[in-house]
file work_9.cif (mmCIF, C-alpha atoms and all ligand atoms)
data_structure
loop_
_atom_site.label_atom_id
_atom_site.label_comp_id
_atom_site.auth_asym_id
_atom_site.auth_seq_id
_atom_site.Cartn_x
_atom_site.Cartn_y
_atom_site.Cartn_z
CA MET A 1 -20.50 -10.90 15.21
CA ASP A 2 -23.84 -9.76 16.51
CA LEU A 3 -26.95 -10.79 14.66
CA LEU A 4 -28.15 -7.23 14.26
CA GLN A 5 -24.81 -5.70 13.37
CA LYS A 6 -23.64 -6.30 9.87
CA ARG A 7 -20.27 -4.63 9.64
CA TYR A 8 -18.56 -2.79 6.81
CA LEU A 9 -14.79 -2.48 6.89
CA MET A 10 -13.64 0.48 4.83
CA ALA A 11 -10.42 1.53 6.49
CA PRO A 12 -7.15 1.50 4.54
CA GLY A 13 -6.04 -1.69 6.19
CA PRO A 14 -7.04 -4.16 7.32
CA VAL A 15 -9.54 -4.65 4.52
CA PRO A 16 -12.38 -7.10 3.78
CA VAL A 17 -11.09 -10.46 2.57
CA PRO A 18 -13.01 -12.41 -0.10
CA PRO A 19 -14.85 -15.41 1.45
CA ARG A 20 -13.08 -17.82 -0.86
CA VAL A 21 -9.72 -16.59 0.39
CA LEU A 22 -10.87 -16.85 4.02
CA LEU A 23 -11.92 -20.44 3.41
CA SER A 24 -8.60 -21.29 1.77
CA MET A 25 -6.87 -20.32 5.01
CA ALA A 26 -9.09 -22.57 7.12
CA ARG A 27 -7.57 -25.76 5.74
CA PRO A 28 -5.39 -27.89 8.04
CA ILE A 29 -1.79 -26.75 8.49
CA ILE A 30 0.77 -28.71 6.52
CA HIS A 31 4.46 -28.91 7.29
CA HIS A 32 6.41 -26.19 5.52
CA ARG A 33 9.27 -28.45 4.44
CA LEU A 34 7.03 -30.88 2.56
CA PRO A 35 7.04 -31.04 -1.26
CA GLU A 36 3.35 -30.14 -1.18
CA PHE A 37 4.19 -26.82 0.41
CA SER A 38 7.16 -26.23 -1.90
CA ALA A 39 4.81 -26.57 -4.84
CA ILE A 40 2.64 -23.79 -3.39
CA LEU A 41 5.71 -21.61 -2.87
CA THR A 42 6.79 -22.13 -6.45
CA LYS A 43 3.42 -21.01 -7.71
CA ILE A 44 3.34 -18.02 -5.37
CA ARG A 45 6.80 -17.07 -6.60
CA GLN A 46 5.58 -16.90 -10.21
CA ASP A 47 2.37 -15.12 -9.38
CA LEU A 48 4.13 -12.46 -7.32
CA LYS A 49 6.30 -11.62 -10.33
CA TYR A 50 3.11 -11.10 -12.30
CA LEU A 51 1.63 -8.83 -9.63
CA PHE A 52 4.82 -6.77 -9.25
CA GLN A 53 5.36 -6.76 -13.05
CA THR A 54 8.96 -7.90 -12.67
CA GLU A 55 11.24 -10.70 -13.78
CA SER A 56 13.03 -10.70 -10.42
CA ASP A 57 12.03 -12.65 -7.34
CA VAL A 58 9.72 -10.99 -4.85
CA LEU A 59 10.58 -11.89 -1.25
CA PHE A 60 8.01 -12.16 1.50
CA PHE A 61 8.20 -12.05 5.28
CA ALA A 62 5.97 -12.76 8.22
CA SER A 63 5.63 -9.14 9.35
CA SER A 64 3.49 -6.10 8.81
CA GLY A 65 4.49 -3.72 6.02
CA THR A 66 6.81 -1.75 8.27
CA GLY A 67 8.96 -4.86 8.65
CA ALA A 68 9.63 -4.81 4.91
CA MET A 69 10.43 -1.09 5.10
CA GLU A 70 13.00 -1.76 7.82
CA ALA A 71 14.33 -4.73 5.85
CA CYS A 72 15.05 -2.45 2.89
CA VAL A 73 17.05 -0.06 5.02
CA VAL A 74 19.26 -2.78 6.55
CA ASN A 75 19.74 -4.80 3.36
CA LEU A 76 20.57 -2.00 0.97
CA PHE A 77 22.71 0.48 2.89
CA SER A 78 25.84 0.95 4.97
CA PRO A 79 26.26 3.21 8.02
CA LYS A 80 26.37 6.95 7.33
CA GLU A 81 25.31 6.71 3.71
CA LYS A 82 23.42 9.69 2.37
CA VAL A 83 19.81 9.08 1.31
CA ILE A 84 16.95 11.28 0.11
CA VAL A 85 13.60 10.93 1.87
CA VAL A 86 10.35 12.39 0.59
CA ARG A 87 8.17 13.39 3.55
CA GLY A 88 4.63 14.38 2.75
CA GLY A 89 2.72 12.39 5.32
CA LYS A 90 2.90 9.87 8.11
CA PHE A 91 4.52 7.11 6.07
CA GLY A 92 7.15 9.38 4.57
CA GLU A 93 7.96 10.33 8.15
CA ARG A 94 8.29 6.63 8.93
CA TRP A 95 11.00 6.34 6.26
CA GLY A 96 12.79 9.21 7.97
CA GLU A 97 12.57 7.57 11.40
CA LEU A 98 13.84 4.28 10.00
CA VAL A 99 16.87 5.67 8.19
CA GLU A 100 17.79 7.78 11.21
CA THR A 101 17.47 4.75 13.48
CA TYR A 102 20.10 2.97 11.40
CA GLY A 103 22.50 5.90 11.19
CA LEU A 104 21.97 6.86 7.58
CA GLU A 105 22.20 10.55 6.70
CA PRO A 106 18.89 11.73 5.26
CA VAL A 107 18.32 14.74 3.05
CA TYR A 108 14.63 15.51 3.44
CA ILE A 109 12.25 16.74 0.79
CA ASP A 110 9.42 18.04 2.96
CA ILE A 111 6.17 18.76 1.25
CA GLU A 112 2.88 20.04 2.48
CA TRP A 113 0.52 17.23 3.47
CA GLY A 114 -2.01 16.82 0.68
CA GLN A 115 0.46 17.78 -2.07
CA ALA A 116 2.47 15.50 -4.34
CA VAL A 117 6.21 15.95 -4.59
CA ASP A 118 7.27 18.25 -7.42
CA ILE A 119 9.50 16.53 -9.95
CA GLU A 120 11.60 19.68 -10.49
CA MET A 121 12.31 19.81 -6.79
CA VAL A 122 13.41 16.18 -6.81
CA LYS A 123 15.66 16.89 -9.79
CA SER A 124 17.37 19.80 -8.07
CA ILE A 125 17.93 17.73 -4.91
CA VAL A 126 19.41 14.73 -6.73
CA ASP A 127 21.65 17.10 -8.74
CA ARG A 128 22.81 18.77 -5.55
CA HIS A 129 23.56 15.44 -3.84
CA PRO A 130 25.42 13.26 -6.35
CA ASP A 131 26.70 11.13 -3.44
CA ALA A 132 23.18 10.08 -2.37
CA LYS A 133 22.71 6.32 -2.46
CA GLY A 134 18.96 5.98 -2.24
CA LEU A 135 15.63 7.77 -2.50
CA PHE A 136 12.74 6.69 -0.27
CA ILE A 137 9.18 7.52 -1.20
CA GLN A 138 5.58 6.22 -1.16
CA ALA A 139 3.71 5.33 -4.36
CA HIS A 140 0.94 7.19 -2.61
CA GLU A 141 0.76 8.45 0.95
CA THR A 142 -2.01 6.51 2.66
CA SER A 143 -2.24 9.30 5.24
CA THR A 144 -3.02 11.99 2.65
CA GLY A 145 -4.31 9.98 -0.34
CA VAL A 146 -1.77 11.67 -2.61
CA LYS A 147 -0.08 9.84 -5.46
CA HIS A 148 3.55 10.72 -6.05
CA PRO A 149 5.02 10.75 -9.59
CA VAL A 150 7.26 7.73 -9.01
CA GLY A 151 7.52 6.90 -12.71
CA GLU A 152 9.01 10.32 -13.40
CA ILE A 153 11.28 10.06 -10.38
CA ALA A 154 12.56 6.73 -11.69
CA THR A 155 13.81 8.48 -14.84
CA LEU A 156 16.06 10.55 -12.56
CA THR A 157 17.27 7.80 -10.25
CA ARG A 158 17.93 5.04 -12.75
CA GLU A 159 20.65 7.04 -14.50
CA ARG A 160 22.33 7.83 -11.19
CA GLU A 161 23.73 5.74 -8.31
CA ILE A 162 20.48 6.30 -6.44
CA LEU A 163 18.30 3.31 -5.61
CA LEU A 164 14.60 4.16 -5.82
CA ILE A 165 12.72 2.50 -2.97
CA VAL A 166 8.95 2.74 -3.28
CA ASP A 167 6.61 1.92 -0.43
CA ALA A 168 3.63 0.58 -2.38
CA ILE A 169 2.06 -1.04 0.68
CA SER A 170 -1.42 0.13 -0.26
CA ALA A 171 -0.73 0.58 -3.99
CA ILE A 172 0.39 -2.67 -5.56
CA GLY A 173 -2.41 -4.07 -7.71
CA VAL A 174 -4.49 -0.90 -7.38
CA TYR A 175 -3.01 1.08 -10.29
CA PRO A 176 -0.14 0.42 -12.69
CA LEU A 177 3.30 0.39 -11.08
CA PRO A 178 5.29 -1.81 -13.47
CA MET A 179 8.55 -2.02 -11.59
CA ASP A 180 10.78 -3.33 -14.38
CA ALA A 181 9.33 -1.11 -17.10
CA LEU A 182 9.64 2.01 -14.96
CA GLY A 183 13.05 1.12 -13.57
CA ILE A 184 12.01 1.16 -9.92
CA ASP A 185 14.62 -0.66 -7.81
CA VAL A 186 12.53 -1.72 -4.84
CA VAL A 187 8.78 -2.11 -4.40
CA ILE A 188 7.21 -2.96 -1.03
CA ALA A 189 3.74 -4.35 -0.34
CA GLY A 190 1.70 -5.53 2.64
CA SER A 191 -0.95 -8.23 2.87
CA GLN A 192 -3.70 -6.32 4.69
CA LYS A 193 -3.89 -3.46 2.20
CA SER A 194 -4.21 -3.97 -1.52
CA LEU A 195 -3.66 -7.73 -1.38
CA ALA A 196 -7.04 -8.26 0.31
CA LEU A 197 -5.56 -10.63 2.88
CA PRO A 198 -5.42 -10.51 6.67
CA PRO A 199 -2.48 -8.65 8.23
CA GLY A 200 0.82 -10.47 8.67
CA LEU A 201 2.72 -10.67 5.37
CA SER A 202 5.04 -8.15 3.76
CA PHE A 203 6.66 -8.23 0.33
CA VAL A 204 9.77 -6.81 -1.31
CA GLY A 205 10.53 -6.84 -5.03
CA LEU A 206 14.15 -5.99 -5.93
CA SER A 207 15.78 -5.05 -9.24
CA LYS A 208 19.13 -6.52 -10.36
CA ARG A 209 20.80 -3.29 -9.33
CA ALA A 210 19.22 -3.53 -5.88
CA TRP A 211 20.50 -7.10 -5.52
CA GLN A 212 24.06 -5.86 -6.12
CA ARG A 213 23.59 -3.41 -3.28
CA VAL A 214 22.31 -6.17 -1.03
CA GLU A 215 25.70 -7.85 -1.43
CA GLU A 216 27.65 -4.68 -0.65
CA ALA A 217 25.54 -3.29 2.22
CA ARG A 218 27.16 -3.37 5.66
CA LEU A 219 24.31 -2.69 8.07
CA PRO A 220 23.66 -5.69 10.36
CA ARG A 221 20.66 -7.92 9.68
CA TYR A 222 19.43 -11.31 10.73
CA TYR A 223 15.75 -12.26 10.31
CA PHE A 224 15.25 -9.83 7.43
CA ASP A 225 18.31 -10.96 5.48
CA PHE A 226 17.43 -10.81 1.78
CA ARG A 227 20.42 -13.01 0.82
CA ARG A 228 19.23 -15.85 3.00
CA GLU A 229 15.65 -15.65 1.76
CA LYS A 230 16.74 -15.55 -1.87
CA LYS A 231 18.84 -18.69 -1.43
CA ALA A 232 15.99 -20.44 0.32
CA LEU A 233 13.51 -19.45 -2.38
CA ALA A 234 15.80 -20.91 -5.04
CA ARG A 235 15.49 -24.20 -3.13
CA GLU A 236 11.68 -23.82 -3.07
CA THR A 237 11.56 -23.13 0.63
CA THR A 238 11.88 -20.27 3.13
CA ALA A 239 14.71 -19.51 5.56
CA PHE A 240 12.45 -19.64 8.62
CA THR A 241 9.00 -20.99 9.42
CA PRO A 242 6.64 -19.18 7.04
CA ALA A 243 3.12 -17.99 7.91
CA VAL A 244 1.65 -21.17 6.43
CA SER A 245 -2.05 -20.25 6.61
CA LEU A 246 -1.51 -16.77 5.25
CA LEU A 247 0.43 -18.24 2.36
CA PHE A 248 -2.55 -20.48 1.54
CA GLY A 249 -4.57 -17.29 1.38
CA LEU A 250 -1.90 -15.57 -0.70
CA ASN A 251 -1.89 -18.45 -3.14
CA GLU A 252 -5.66 -18.16 -3.48
CA ILE A 253 -5.80 -14.38 -3.96
CA LEU A 254 -2.92 -14.41 -6.46
CA THR A 255 -4.70 -17.12 -8.45
CA ARG A 256 -7.83 -14.96 -8.53
CA ILE A 257 -5.82 -11.88 -9.49
CA ARG A 258 -4.27 -13.75 -12.40
CA GLU A 259 -7.70 -14.93 -13.52
CA VAL A 260 -9.11 -11.42 -13.46
CA GLY A 261 -5.93 -9.78 -14.78
CA LEU A 262 -4.18 -6.65 -13.58
CA GLU A 263 -5.89 -4.39 -16.11
CA ARG A 264 -9.35 -5.22 -14.82
CA LEU A 265 -8.19 -4.91 -11.25
CA PHE A 266 -6.85 -1.42 -11.98
CA SER A 267 -10.07 -0.34 -13.66
CA HIS A 268 -12.12 -1.74 -10.77
CA TYR A 269 -10.33 0.53 -8.30
CA ALA A 270 -10.53 3.49 -10.68
CA TRP A 271 -14.27 2.90 -10.93
CA LEU A 272 -14.88 2.70 -7.18
CA SER A 273 -12.69 5.67 -6.31
CA GLY A 274 -14.09 7.75 -9.18
CA ALA A 275 -17.63 7.23 -7.94
CA CYS A 276 -16.66 8.00 -4.36
CA ARG A 277 -15.00 11.27 -5.36
CA ALA A 278 -18.04 12.23 -7.44
CA GLY A 279 -20.29 11.51 -4.46
CA ILE A 280 -18.18 13.51 -2.04
CA GLN A 281 -18.09 16.52 -4.35
CA ALA A 282 -21.83 16.33 -4.94
CA MET A 283 -22.27 16.53 -1.17
CA GLY A 284 -20.37 19.82 -1.26
CA LEU A 285 -17.44 18.36 0.65
CA GLU A 286 -13.79 18.90 -0.20
CA LEU A 287 -11.37 16.21 -1.35
CA PHE A 288 -8.10 16.42 0.53
CA ALA A 289 -5.57 15.06 -1.97
CA LYS A 290 -4.45 17.31 -4.80
CA ARG A 291 -3.41 14.28 -6.86
CA PRO A 292 -5.70 11.52 -5.54
CA CYS A 293 -4.88 7.83 -5.67
CA GLU A 294 -7.41 5.09 -6.39
CA ALA A 295 -6.90 3.18 -3.14
CA LEU A 296 -8.77 5.52 -0.85
CA THR A 297 -10.68 8.79 -0.80
CA ILE A 298 -9.76 11.40 1.76
CA VAL A 299 -12.29 14.02 2.67
CA ARG A 300 -11.78 17.21 4.61
CA VAL A 301 -14.11 17.31 7.61
CA PRO A 302 -16.29 20.42 7.18
CA ASP A 303 -15.82 23.33 9.59
CA GLY A 304 -17.85 22.98 12.73
CA VAL A 305 -17.96 19.19 12.57
CA ASP A 306 -15.96 17.10 15.03
CA GLY A 307 -14.11 14.60 12.83
CA LEU A 308 -13.63 12.05 15.58
CA ALA A 309 -17.31 12.19 16.54
CA LEU A 310 -18.23 11.72 12.89
CA MET A 311 -16.12 8.62 12.56
CA LYS A 312 -17.37 7.18 15.82
CA LEU A 313 -20.98 7.74 14.86
CA MET A 314 -20.47 5.97 11.53
CA ARG A 315 -18.80 3.06 13.27
CA ASN A 316 -20.93 2.68 16.36
CA LYS A 317 -24.35 3.42 14.98
CA TYR A 318 -24.05 2.18 11.41
CA GLN A 319 -21.17 -0.31 11.70
CA VAL A 320 -19.30 1.44 8.91
CA THR A 321 -15.63 1.53 9.82
CA ILE A 322 -13.67 4.17 7.97
CA ALA A 323 -10.42 5.73 9.17
CA GLY A 324 -9.72 9.15 10.59
CA GLY A 325 -6.77 11.40 9.99
CA GLN A 326 -3.35 10.48 11.28
CA ALA A 327 -0.96 12.69 13.27
CA ARG A 328 -1.54 16.33 12.31
CA LEU A 329 -4.64 15.40 10.31
CA LYS A 330 -6.37 13.85 13.31
CA GLY A 331 -9.98 15.05 13.41
CA LYS A 332 -9.50 17.05 10.20
CA VAL A 333 -10.06 14.38 7.54
CA ILE A 334 -11.77 11.05 7.13
CA ARG A 335 -10.41 8.25 4.95
CA ILE A 336 -12.67 5.91 3.00
CA ALA A 337 -10.77 2.97 1.53
CA HIS A 338 -11.76 1.03 -1.57
CA LEU A 339 -9.26 -1.73 -0.93
CA GLY A 340 -10.00 -5.43 -0.65
CA TYR A 341 -13.26 -7.18 -1.34
CA GLN A 342 -15.47 -4.22 -2.28
CA SER A 343 -18.10 -3.43 -4.87
CA PRO A 344 -19.99 -0.30 -6.01
CA PHE A 345 -22.50 -0.84 -3.23
CA ASP A 346 -19.82 -0.52 -0.61
CA VAL A 347 -19.11 2.97 -1.94
CA ILE A 348 -22.85 3.73 -1.75
CA VAL A 349 -22.93 2.42 1.82
CA ALA A 350 -20.01 4.61 2.86
CA LEU A 351 -21.49 7.74 1.27
CA SER A 352 -24.87 6.99 2.73
CA ALA A 353 -23.52 6.50 6.26
CA LEU A 354 -21.52 9.70 5.88
CA GLU A 355 -24.58 11.69 4.82
CA MET A 356 -26.61 10.32 7.72
CA ALA A 357 -23.89 10.89 10.30
CA LEU A 358 -23.24 14.44 9.11
CA THR A 359 -26.94 15.20 9.24
CA GLU A 360 -27.14 13.82 12.75
CA LEU A 361 -24.23 16.03 13.79
CA GLY A 362 -26.18 19.06 12.59
CA TYR A 363 -24.37 19.65 9.30
CA GLN A 364 -26.74 20.80 6.56
CA ILE A 365 -26.60 18.39 3.69
CA PRO A 366 -29.24 17.23 1.20
CA LEU A 367 -29.69 13.55 1.95
CA GLY A 368 -29.05 11.40 -1.11
CA ALA A 369 -26.96 13.92 -3.05
CA GLY A 370 -23.75 11.94 -2.76
CA ILE A 371 -25.46 8.62 -3.38
CA LYS A 372 -27.13 9.94 -6.51
CA ALA A 373 -23.88 11.25 -7.94
CA ALA A 374 -22.15 7.93 -7.24
CA GLN A 375 -25.01 6.00 -8.85
CA GLU A 376 -24.80 8.23 -11.91
CA TYR A 377 -21.06 7.74 -12.06
CA PHE A 378 -21.46 3.98 -11.97
CA LEU A 379 -24.11 4.13 -14.67
CA GLU A 380 -22.15 6.44 -16.95
CA ASN A 381 -18.74 4.85 -16.57
CA LYS A 382 -17.97 1.24 -17.34
CA GLU A 383 -15.70 -0.82 -15.15
CA ALA A 384 -13.98 -1.91 -18.42
C1 LIG B 401 -0.20 0.83 6.05
C2 LIG B 401 1.02 1.45 5.46
C3 LIG B 401 2.28 1.28 6.05
C4 LIG B 401 2.47 0.53 7.34
O1 LIG B 401 2.19 -0.80 7.19
P1 LIG B 401 1.97 -1.75 8.48
O2 LIG B 401 1.51 -3.00 7.82
O3 LIG B 401 0.95 -1.11 9.35
O4 LIG B 401 3.30 -1.90 9.13
C5 LIG B 401 3.36 1.87 5.46
N1 LIG B 401 3.23 2.59 4.32
C6 LIG B 401 2.04 2.76 3.72
C7 LIG B 401 1.98 3.58 2.47
C8 LIG B 401 0.90 2.20 4.27
O5 LIG B 401 -0.28 2.38 3.66
#

call {"tool": "encode", "arguments": {"input": "work_9.cif", "output": "structure tokens"}}
result
Amino acid sequence: MDLLQKRYLMAPGPVPVPPRVLLSMARPIIHHRLPEFSAILTKIRQDLKYLFQTESDVLFFASSGTGAMEACVVNLFSPKEKVIVVRGGKFGERWGELVETYGLEPVYIDIEWGQAVDIEMVKSIVDRHPDAKGLFIQAHETSTGVKHPVGEIATLTREREILLIVDAISAIGVYPLPMDALGIDVVIAGSQKSLALPPGLSFVGLSKRAWQRVEEARLPRYYFDFRREKKALARETTAFTPAVSLLFGLNEILTRIREVGLERLFSHYAWLSGACRAGIQAMGLELFAKRPCEALTIVRVPDGVDGLALMKLMRNKYQVTIAGGQARLKGKVIRIAHLGYQSPFDVIVALSALEMALTELGYQIPLGAGIKAAQEYFLENKEA
């Protein structure tokens, strides 16, 4: 990294990794079949249950989050089964592409990007399709910043034959999503989002009911075979060569998460995102999500401003990397993530860079308005 370019990573994945976690991954590689490594796996296994708030085992794979999404399709379903897919953004669309790839028959609930799914609409769809076997959704759409009411949806699915599969790739550990208490069947996570690790690991937590389906499902699978991984985990090992260094990092971050506790972690993200939203509104800008999540703040690019130019200016001139809009939102929104190793001053940095870049692009904005509002928010609200 250049001497004169201190960088800030504020995209919704990958995210900044705590130095202590980075160092834990720099240790020499050990062989994955040694007792020393098994001991680490055993600890990880316990700590993942804590993070996912479940009694069941959480599996992990060497893949990005999408690998775990695909794994859920092939391990839980049989050809031509009917499934319900909520599509309100890029990642909901990904569920649709995946289930179609494997010959499932999706019923789509399409919602306007920026809106959360309406629980009444979900109820009428599940009532109309009693033969549906699964419902695919995101805890929140990382492309729109919208949180879906998955707890309420679980009250509908758990009394039916519908498995509820929640992509929580950027949600786990950010706000409460207690999988057992809510009755969610499957929860998916990814290392480079809310786990504050480098990219390369994905996670799947499965309820007892989901495990029954794993046994019955007839779609073909090999690397991502949940049955094989579960057996291996019971023997304190993995089916294939695990991502040893990343698992050192996972062990470290999970230890830190247990020390801090989920409650404090949740309030930390609520604090950062609350201040960011306050800052954005004080700048006179519009928040995109109608029901915003705590993982990231999505801002509508004001009329007359080129969204891509704005992002580039923030990155190239100020070394602040945020994300732009995806697919149909390209150029129309910017996404500021609060995930990973971040503090109040990262929010201030992002708002400050945004104010400066907008000013430079000719957009009239009182410099400091957003920063002031965020500072006030931090002063008035405790992290808990
Ligand atoms: C990032 C993300 C994905 C995709 O994960 P990859 O690790 O890029 O494969 C899927 N769903 C959500 C909600 C995400 O935020």

call {"tool": "residues_near_point", "arguments": {"input": "work_9.cif", "point": "(-21.4, 12.8, -0.7)", "cutoff": "9 Å", "atoms": "only C-alpha atoms", "output": "count of residues only"}}
result
23

call {"tool": "atom_distance", "arguments": {"input": "work_9.cif", "atom1": "atom CA of A:Gly261", "atom2": "atom CA of A:Thr157"}}
result
29.5 Å

call {"tool": "axis_aligned_box", "arguments": {"input": "work_9.cif", "around": "ligand LIG 401 (chain B)", "padding_each_side": "6 Å", "output": "lines of an AutoDock Vina configuration file"}}
result
center_x = 1.5
center_y = 0.3
center_z = 5.9
size_x = 15.6
size_y = 18.6
size_z = 18.9

call {"tool": "residues_near_ligand", "arguments": {"input": "work_9.cif", "ligand": "ligand LIG 401 (chain B)", "cutoff": "8 Å", "atoms": "all atoms listed in the file", "output": "list of chain:residue names"}}
result
A:Pro12, A:Gly13, A:Ser63, A:Ser64, A:Gly65, A:Thr66, A:Gly67, A:Met69, A:Phe91, A:Gly92, A:Arg94, A:Gln138, A:Ala139, A:His140, A:Glu141, A:Thr142, A:Ser143, A:Asp167, A:Ala168, A:Ile169, A:Ser170, A:Ala171, A:Gly190, A:Ser191, A:Gln192, A:Lys193, A:Pro199, A:Gly200, A:Ser202

call {"tool": "write_last_selection", "arguments": {"input": "work_9.cif", "atoms": "C-alpha atoms", "output": "compact mmCIF listing (two decimals), in the frame of the given file"}}
result
# COMPACT_ATOMS: atom_id res chain seq x y z
CA PRO A 12 -7.15 1.50 4.54
CA GLY A 13 -6.04 -1.69 6.19
CA SER A 63 5.63 -9.14 9.35
CA SER A 64 3.49 -6.10 8.81
CA GLY A 65 4.49 -3.72 6.02
CA THR A 66 6.81 -1.75 8.27
CA GLY A 67 8.96 -4.86 8.65
CA MET A 69 10.43 -1.09 5.10
CA PHE A 91 4.52 7.11 6.07
CA GLY A 92 7.15 9.38 4.57
CA ARG A 94 8.29 6.63 8.93
CA GLN A 138 5.58 6.22 -1.16
CA ALA A 139 3.71 5.33 -4.36
CA HIS A 140 0.94 7.19 -2.61
CA GLU A 141 0.76 8.45 0.95
CA THR A 142 -2.01 6.51 2.66
CA SER A 143 -2.24 9.30 5.24
CA ASP A 167 6.61 1.92 -0.43
CA ALA A 168 3.63 0.58 -2.38
CA ILE A 169 2.06 -1.04 0.68
CA SER A 170 -1.42 0.13 -0.26
CA ALA A 171 -0.73 0.58 -3.99
CA GLY A 190 1.70 -5.53 2.64
CA SER A 191 -0.95 -8.23 2.87
CA GLN A 192 -3.70 -6.32 4.69
CA LYS A 193 -3.89 -3.46 2.20
CA PRO A 199 -2.48 -8.65 8.23
CA GLY A 200 0.82 -10.47 8.67
CA SER A 202 5.04 -8.15 3.76

call {"tool": "closest_residue", "arguments": {"input": "work_9.cif", "among": "A:Phe61, A:Phe52, A:Tyr377, A:Tyr363", "to": "A:Ser207", "atoms": "all atoms listed in the file"}}
result
A:Phe52

call {"tool": "closest_residue", "arguments": {"input": "work_9.cif", "among": "A:Pro366, A:Arg264, A:Lys90, A:Val107", "to": "A:Arg128", "atoms": "all atoms listed in the file"}}
result
A:Val107
